[in-house]
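Structure record follows, encoded as structure tokens.
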Amino acid sequence: MSETTDDQRSPVDPADTSAEPRPFQFTLRQLMLWVTVFAVFCGLLAWLGNGIRDAREAARRGNCMCNLKMLGLALQNYHYDHGHFPPAYICDENGKPMHSWRVLILPYMELQAIYDQYDFSEPWNGPNNSLLATMPPPPEFQCPSGNLHGTPLTNYVAVVGPQTMWPEDRCIRLTGESGAGLDTIHLVEITNSDIHWMEPRDLTFEQAAAGIQPKSGLGISSEHPGAVVYLDANYKVRTLGRDTDVAALRELLTVDPSLEKVDASLESTQPTQD
């Protein structure tokens with residue numbers, strides 16, 4: 001009786017369920033089922049990942065808006081004490097900017113200790129003030145979504161110009177008799193900032209009016225998807241879409257001409273004593 005060799009054996013019929021399965025052998029139906037399960041699993045992971053990422057960004061955006069709200073309250077209290085907002089900067093006798101509005105509002109941010117260490121007799125980057133300049137900035141001056149953590153730079157700036165809420169070394173006074181000018185942009189956020197939080201430098205009107213999210217240079221911009229956050233003169237935090245029309249942006253940046261501008265000296269910007 002002849003023996004049947006392996007080459008002479010009949011092929012296994014795929015439809016024959018009585019055939020003994022080989023190790024790791026899958027039917028086409030089983031393979032399709034596993035591929036479907038794997039695809040659903042990957043989809044769930046992606047959905048969960050996007051949800052977590054969106055939740056984190058929403059939290060960071062909320063913190064950014066809180067930062068601007070706190071800066072707005074500090075500006076409001078400064079105005080209450082002095083009868084006007086701080087100037088964008090204080091100049092020396094030669095007209096060179098020496099001190100920033102960000103330093104002037106420190107006492108209204110419960111940061112009196114830092115303010116007391118600041119020497120107004122020298123520039124912001126003078127020998128004594130340079131020691132402060134190496135310290136981490138107050139967290140209220142940096143956006144949580146930004147990339148400035150670990151640096152002394154700020155994401156929040158004024159827009160400086162004679163037609164804005166920050167007429168250079170002069171100050172805006174709100175009379176309270178009308179709501180004129182209260183929707184004007186007061187503070188904006190920027191990305192890729194190279195502005196030290198103590199430095200008396202911000203955006204110019206021309207830089208800000210160039211549009212949202214400029215492709216190069218400093219301008220109104222944000223790490224938040226789809227919009228930038230800003231503070232208006234009524235202490236309300238709002239958002240601007242990246243498709244905001246340039247003409248509409250210029251209008252928001254331009255202060256109402258009825259608002260009074262007053263001169264400010266170093267003495268007039270010091271905190272009032274109880």
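Chain identifiers are assigned as A, B, and so on, following the order in which chains appear in the structure tokens; residues are numbered from 1 within each chain, and ligands are numbered from 1 in order of appearance.
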Check: Which residues, written as a PyMOL selection string, have at least one atom at most 10 Å from Pro97 in chain A, with only C-alpha atoms counted and residues fewer than 3 positions away on the same chain left out?
Finding: chain A and resi 88-94+100+123-124+168-169+199-201
Could you please take those selected residues and save C-alpha atoms as an mmCIF file, in the first residue's frame?
```
data_model
loop_
_atom_site.group_PDB
_atom_site.id
_atom_site.type_symbol
_atom_site.label_atom_id
_atom_site.label_comp_id
_atom_site.auth_asym_id
_atom_site.auth_seq_id
_atom_site.Cartn_x
_atom_site.Cartn_y
_atom_site.Cartn_z
ATOM 1 C CA ALA A 88 1.882 103.978 28.055
ATOM 2 C CA TYR A 89 5.252 105.050 29.412
ATOM 3 C CA ILE A 90 6.990 107.745 31.458
ATOM 4 C CA CYS A 91 9.823 109.605 29.738
ATOM 5 C CA ASP A 92 13.021 111.132 31.022
ATOM 6 C CA GLU A 93 13.861 114.802 30.487
ATOM 7 C CA ASN A 94 15.006 114.019 26.946
ATOM 8 C CA SER A 100 6.133 101.046 31.433
ATOM 9 C CA PRO A 123 15.590 103.320 33.390
ATOM 10 C CA TRP A 124 13.738 100.034 33.446
ATOM 11 C CA GLU A 168 2.140 107.836 24.327
ATOM 12 C CA ASP A 169 3.199 109.724 27.476
ATOM 13 C CA GLU A 199 10.090 97.446 29.005
ATOM 14 C CA PRO A 200 8.320 100.692 28.030
ATOM 15 C CA ARG A 201 7.453 99.329 24.597
#
```
- Enumerate, as a ChimeraX atom specification, the complete set of residues in range 23-256 of chain A that a backbone-based DSSP assignment places in strand (DSSP E or B). /A:89-91,97-100,153,156-160,166,170-173,185-189,196,203-204,227-232,237-241
Take the residues from that selection and write them out as an mmCIF file, in the first residue's frame, keeping N, CA and C atoms.
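part_8.cif, freshly written:
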```
data_model
loop_
_atom_site.group_PDB
_atom_site.id
_atom_site.type_symbol
_atom_site.label_atom_id
_atom_site.label_comp_id
_atom_site.auth_asym_id
_atom_site.auth_seq_id
_atom_site.Cartn_x
_atom_site.Cartn_y
_atom_site.Cartn_z
ATOM 1 N N TYR A 89 3.917 105.023 28.832
ATOM 2 C CA TYR A 89 5.252 105.050 29.412
ATOM 3 C C TYR A 89 5.519 106.429 30.008
ATOM 4 N N ILE A 90 6.505 106.490 30.891
ATOM 5 C CA ILE A 90 6.990 107.745 31.458
ATOM 6 C C ILE A 90 8.364 108.019 30.867
ATOM 7 N N CYS A 91 8.572 109.242 30.404
ATOM 8 C CA CYS A 91 9.823 109.605 29.738
ATOM 9 C C CYS A 91 10.779 110.316 30.686
ATOM 10 N N PRO A 97 11.517 107.018 26.608
ATOM 11 C CA PRO A 97 10.701 106.201 27.525
ATOM 12 C C PRO A 97 11.564 105.472 28.545
ATOM 13 N N MET A 98 11.147 105.562 29.829
ATOM 14 C CA MET A 98 11.911 104.940 30.911
ATOM 15 C C MET A 98 11.127 103.849 31.643
ATOM 16 N N HIS A 99 9.815 104.072 31.842
ATOM 17 C CA HIS A 99 9.034 103.163 32.680
ATOM 18 C C HIS A 99 7.719 102.803 31.983
ATOM 19 N N SER A 100 7.324 101.556 32.112
ATOM 20 C CA SER A 100 6.133 101.046 31.433
ATOM 21 C C SER A 100 4.892 101.125 32.321
ATOM 22 N N LEU A 153 9.306 87.786 29.063
ATOM 23 C CA LEU A 153 8.549 88.512 28.046
ATOM 24 C C LEU A 153 7.050 88.473 28.347
ATOM 25 N N TYR A 156 0.822 90.491 26.647
ATOM 26 C CA TYR A 156 -0.232 91.505 26.700
ATOM 27 C C TYR A 156 0.370 92.898 26.572
ATOM 28 N N VAL A 157 -0.116 93.635 25.585
ATOM 29 C CA VAL A 157 0.464 94.931 25.278
ATOM 30 C C VAL A 157 -0.631 95.960 25.013
ATOM 31 N N ALA A 158 -0.232 97.215 25.118
ATOM 32 C CA ALA A 158 -1.094 98.330 24.730
ATOM 33 C C ALA A 158 -0.870 98.620 23.244
ATOM 34 N N VAL A 159 -1.767 99.390 22.681
ATOM 35 C CA VAL A 159 -1.595 99.904 21.315
ATOM 36 C C VAL A 159 -1.396 101.410 21.453
ATOM 37 N N VAL A 160 -0.192 101.857 21.131
ATOM 38 C CA VAL A 160 0.229 103.230 21.445
ATOM 39 C C VAL A 160 0.145 104.118 20.213
ATOM 40 N N TRP A 166 -3.935 104.800 24.415
ATOM 41 C CA TRP A 166 -2.609 105.014 25.018
ATOM 42 C C TRP A 166 -1.863 106.076 24.211
ATOM 43 N N ARG A 170 0.918 110.603 27.423
ATOM 44 C CA ARG A 170 -0.246 111.272 27.985
ATOM 45 C C ARG A 170 -1.253 110.214 28.440
ATOM 46 N N CYS A 171 -2.313 110.647 29.082
ATOM 47 C CA CYS A 171 -3.267 109.712 29.683
ATOM 48 C C CYS A 171 -4.691 110.024 29.232
ATOM 49 N N ILE A 172 -5.498 108.989 29.161
ATOM 50 C CA ILE A 172 -6.916 109.134 28.842
ATOM 51 C C ILE A 172 -7.719 109.207 30.138
ATOM 52 N N ARG A 173 -8.662 110.125 30.158
ATOM 53 C CA ARG A 173 -9.547 110.266 31.324
ATOM 54 C C ARG A 173 -10.983 109.981 30.886
ATOM 55 N N ILE A 185 -10.448 99.246 21.859
ATOM 56 C CA ILE A 185 -9.465 98.270 22.335
ATOM 57 C C ILE A 185 -8.505 98.926 23.313
ATOM 58 N N HIS A 186 -8.340 98.284 24.467
ATOM 59 C CA HIS A 186 -7.443 98.805 25.500
ATOM 60 C C HIS A 186 -6.146 97.991 25.558
ATOM 61 N N LEU A 187 -6.270 96.666 25.625
ATOM 62 C CA LEU A 187 -5.108 95.778 25.624
ATOM 63 C C LEU A 187 -5.346 94.646 24.632
ATOM 64 N N VAL A 188 -4.275 94.175 24.032
ATOM 65 C CA VAL A 188 -4.371 93.057 23.093
ATOM 66 C C VAL A 188 -3.300 92.029 23.446
ATOM 67 N N GLU A 189 -3.439 90.851 22.872
ATOM 68 C CA GLU A 189 -2.403 89.839 23.046
ATOM 69 C C GLU A 189 -1.600 89.703 21.758
ATOM 70 N N HIS A 196 10.002 92.731 26.834
ATOM 71 C CA HIS A 196 10.147 92.433 28.257
ATOM 72 C C HIS A 196 8.975 93.049 29.009
ATOM 73 N N LEU A 203 2.806 97.800 21.131
ATOM 74 C CA LEU A 203 2.526 97.882 19.701
ATOM 75 C C LEU A 203 2.248 99.324 19.311
ATOM 76 N N THR A 204 2.675 99.705 18.126
ATOM 77 C CA THR A 204 2.263 100.983 17.571
ATOM 78 C C THR A 204 0.899 100.807 16.902
ATOM 79 N N ALA A 227 -9.279 82.877 16.934
ATOM 80 C CA ALA A 227 -9.579 84.221 17.429
ATOM 81 C C ALA A 227 -8.475 84.703 18.349
ATOM 82 N N VAL A 228 -8.429 86.026 18.550
ATOM 83 C CA VAL A 228 -7.538 86.627 19.535
ATOM 84 C C VAL A 228 -8.396 87.246 20.634
ATOM 85 N N VAL A 229 -7.811 87.370 21.802
ATOM 86 C CA VAL A 229 -8.516 87.902 22.960
ATOM 87 C C VAL A 229 -8.030 89.325 23.219
ATOM 88 N N TYR A 230 -8.955 90.218 23.568
ATOM 89 C CA TYR A 230 -8.556 91.591 23.890
ATOM 90 C C TYR A 230 -9.444 92.160 24.981
ATOM 91 N N LEU A 231 -8.976 93.245 25.573
ATOM 92 C CA LEU A 231 -9.714 93.960 26.622
ATOM 93 C C LEU A 231 -10.158 95.295 26.072
ATOM 94 N N ASP A 232 -11.444 95.649 26.261
ATOM 95 C CA ASP A 232 -11.887 96.969 25.819
ATOM 96 C C ASP A 232 -11.835 97.949 26.981
ATOM 97 N N VAL A 237 -13.671 91.601 28.441
ATOM 98 C CA VAL A 237 -12.779 90.788 27.626
ATOM 99 C C VAL A 237 -13.566 90.237 26.449
ATOM 100 N N ARG A 238 -13.063 90.475 25.263
ATOM 101 C CA ARG A 238 -13.757 90.079 24.041
ATOM 102 C C ARG A 238 -12.807 89.325 23.117
ATOM 103 N N THR A 239 -13.345 88.825 22.018
ATOM 104 C CA THR A 239 -12.516 88.133 21.028
ATOM 105 C C THR A 239 -12.696 88.775 19.658
ATOM 106 N N LEU A 240 -11.639 88.671 18.864
ATOM 107 C CA LEU A 240 -11.648 89.144 17.476
ATOM 108 C C LEU A 240 -11.331 87.962 16.571
ATOM 109 N N GLY A 241 -12.165 87.742 15.569
ATOM 110 C CA GLY A 241 -11.882 86.695 14.599
ATOM 111 C C GLY A 241 -10.683 87.058 13.743
#
```
Exercise. What is the CA of Pro225 in chain A-CA of Ile212 in chain A distance in Å, reported with one decimal?
Worked result: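 If I compute the distance from CA of Pro225 in chain A to CA of Ile212 in chain A, I get 12.5 Å.
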Nearest to Arg242 in chain A, chosen from A:Lys96, A:His79, A:His224, A:His84, with only C-alpha atoms counted in the distances:
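That would be A:His224, the residue with the smallest distance to Arg242 in chain A.
The residue that comes closest to Glu110 in chain A, out of A:Leu148, A:Val246, A:Met70, A:Met135 and on the basis of only C-alpha atoms, is A:Met70.
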**Request:** Excluding Gln142 in chain A and residues on its chain fewer than 4 positions from it, collect all residues at most 12 Å away from it, counting only C-alpha atoms, and give them as an MDAnalysis selection string.
**Result:** chainID A and resid 60:61 63:68 71 136:138 146:157 188:193 195:197 222:223
Those residues you just picked out, can you put them in a file as an mmCIF file, in the first residue's frame with C-alpha atoms?
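What ended up in part.cif:
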```cif
data_model
loop_
_atom_site.group_PDB
_atom_site.id
_atom_site.type_symbol
_atom_site.label_atom_id
_atom_site.label_comp_id
_atom_site.auth_asym_id
_atom_site.auth_seq_id
_atom_site.Cartn_x
_atom_site.Cartn_y
_atom_site.Cartn_z
ATOM 1 C CA ARG A 60 -5.992 77.936 28.761
ATOM 2 C CA ARG A 61 -8.177 80.382 26.840
ATOM 3 C CA ASN A 63 -7.112 81.640 31.964
ATOM 4 C CA CYS A 64 -5.966 84.078 29.282
ATOM 5 C CA MET A 65 -9.261 85.926 29.527
ATOM 6 C CA CYS A 66 -8.916 85.980 33.328
ATOM 7 C CA ASN A 67 -5.446 87.510 32.982
ATOM 8 C CA LEU A 68 -6.809 90.315 30.822
ATOM 9 C CA LEU A 71 -5.219 93.697 34.149
ATOM 10 C CA PRO A 136 10.082 85.594 36.305
ATOM 11 C CA PRO A 137 7.316 88.020 35.341
ATOM 12 C CA PRO A 138 3.981 88.049 37.146
ATOM 13 C CA GLY A 146 1.761 81.062 24.520
ATOM 14 C CA ASN A 147 5.356 79.939 24.264
ATOM 15 C CA LEU A 148 6.881 82.491 26.639
ATOM 16 C CA HIS A 149 6.990 80.396 29.801
ATOM 17 C CA GLY A 150 10.401 80.626 31.409
ATOM 18 C CA THR A 151 11.114 83.994 29.773
ATOM 19 C CA PRO A 152 10.665 87.572 31.088
ATOM 20 C CA LEU A 153 8.549 88.512 28.046
ATOM 21 C CA THR A 154 4.878 89.500 27.936
ATOM 22 C CA ASN A 155 1.958 88.538 25.690
ATOM 23 C CA TYR A 156 -0.232 91.505 26.700
ATOM 24 C CA VAL A 157 0.464 94.931 25.278
ATOM 25 C CA VAL A 188 -4.371 93.057 23.093
ATOM 26 C CA GLU A 189 -2.403 89.839 23.046
ATOM 27 C CA ILE A 190 0.528 89.070 20.773
ATOM 28 C CA THR A 191 2.533 85.973 19.930
ATOM 29 C CA ASN A 192 6.279 85.726 19.277
ATOM 30 C CA SER A 193 6.736 88.654 21.633
ATOM 31 C CA ILE A 195 8.884 92.723 24.686
ATOM 32 C CA HIS A 196 10.147 92.433 28.257
ATOM 33 C CA TRP A 197 7.284 92.868 30.705
ATOM 34 C CA SER A 222 -2.840 84.674 19.422
ATOM 35 C CA GLU A 223 -2.112 80.991 19.934
#
```
Computed gap from CA of Asp202 in chain A to CA of Arg250 in chain A is 16.8 Å
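Among the candidates A:Ser221, A:Gly211, A:Ala233, A:Gly226, the residue lying nearest to Ala248 in chain A is A:Gly211 (atoms considered: only C-alpha atoms).
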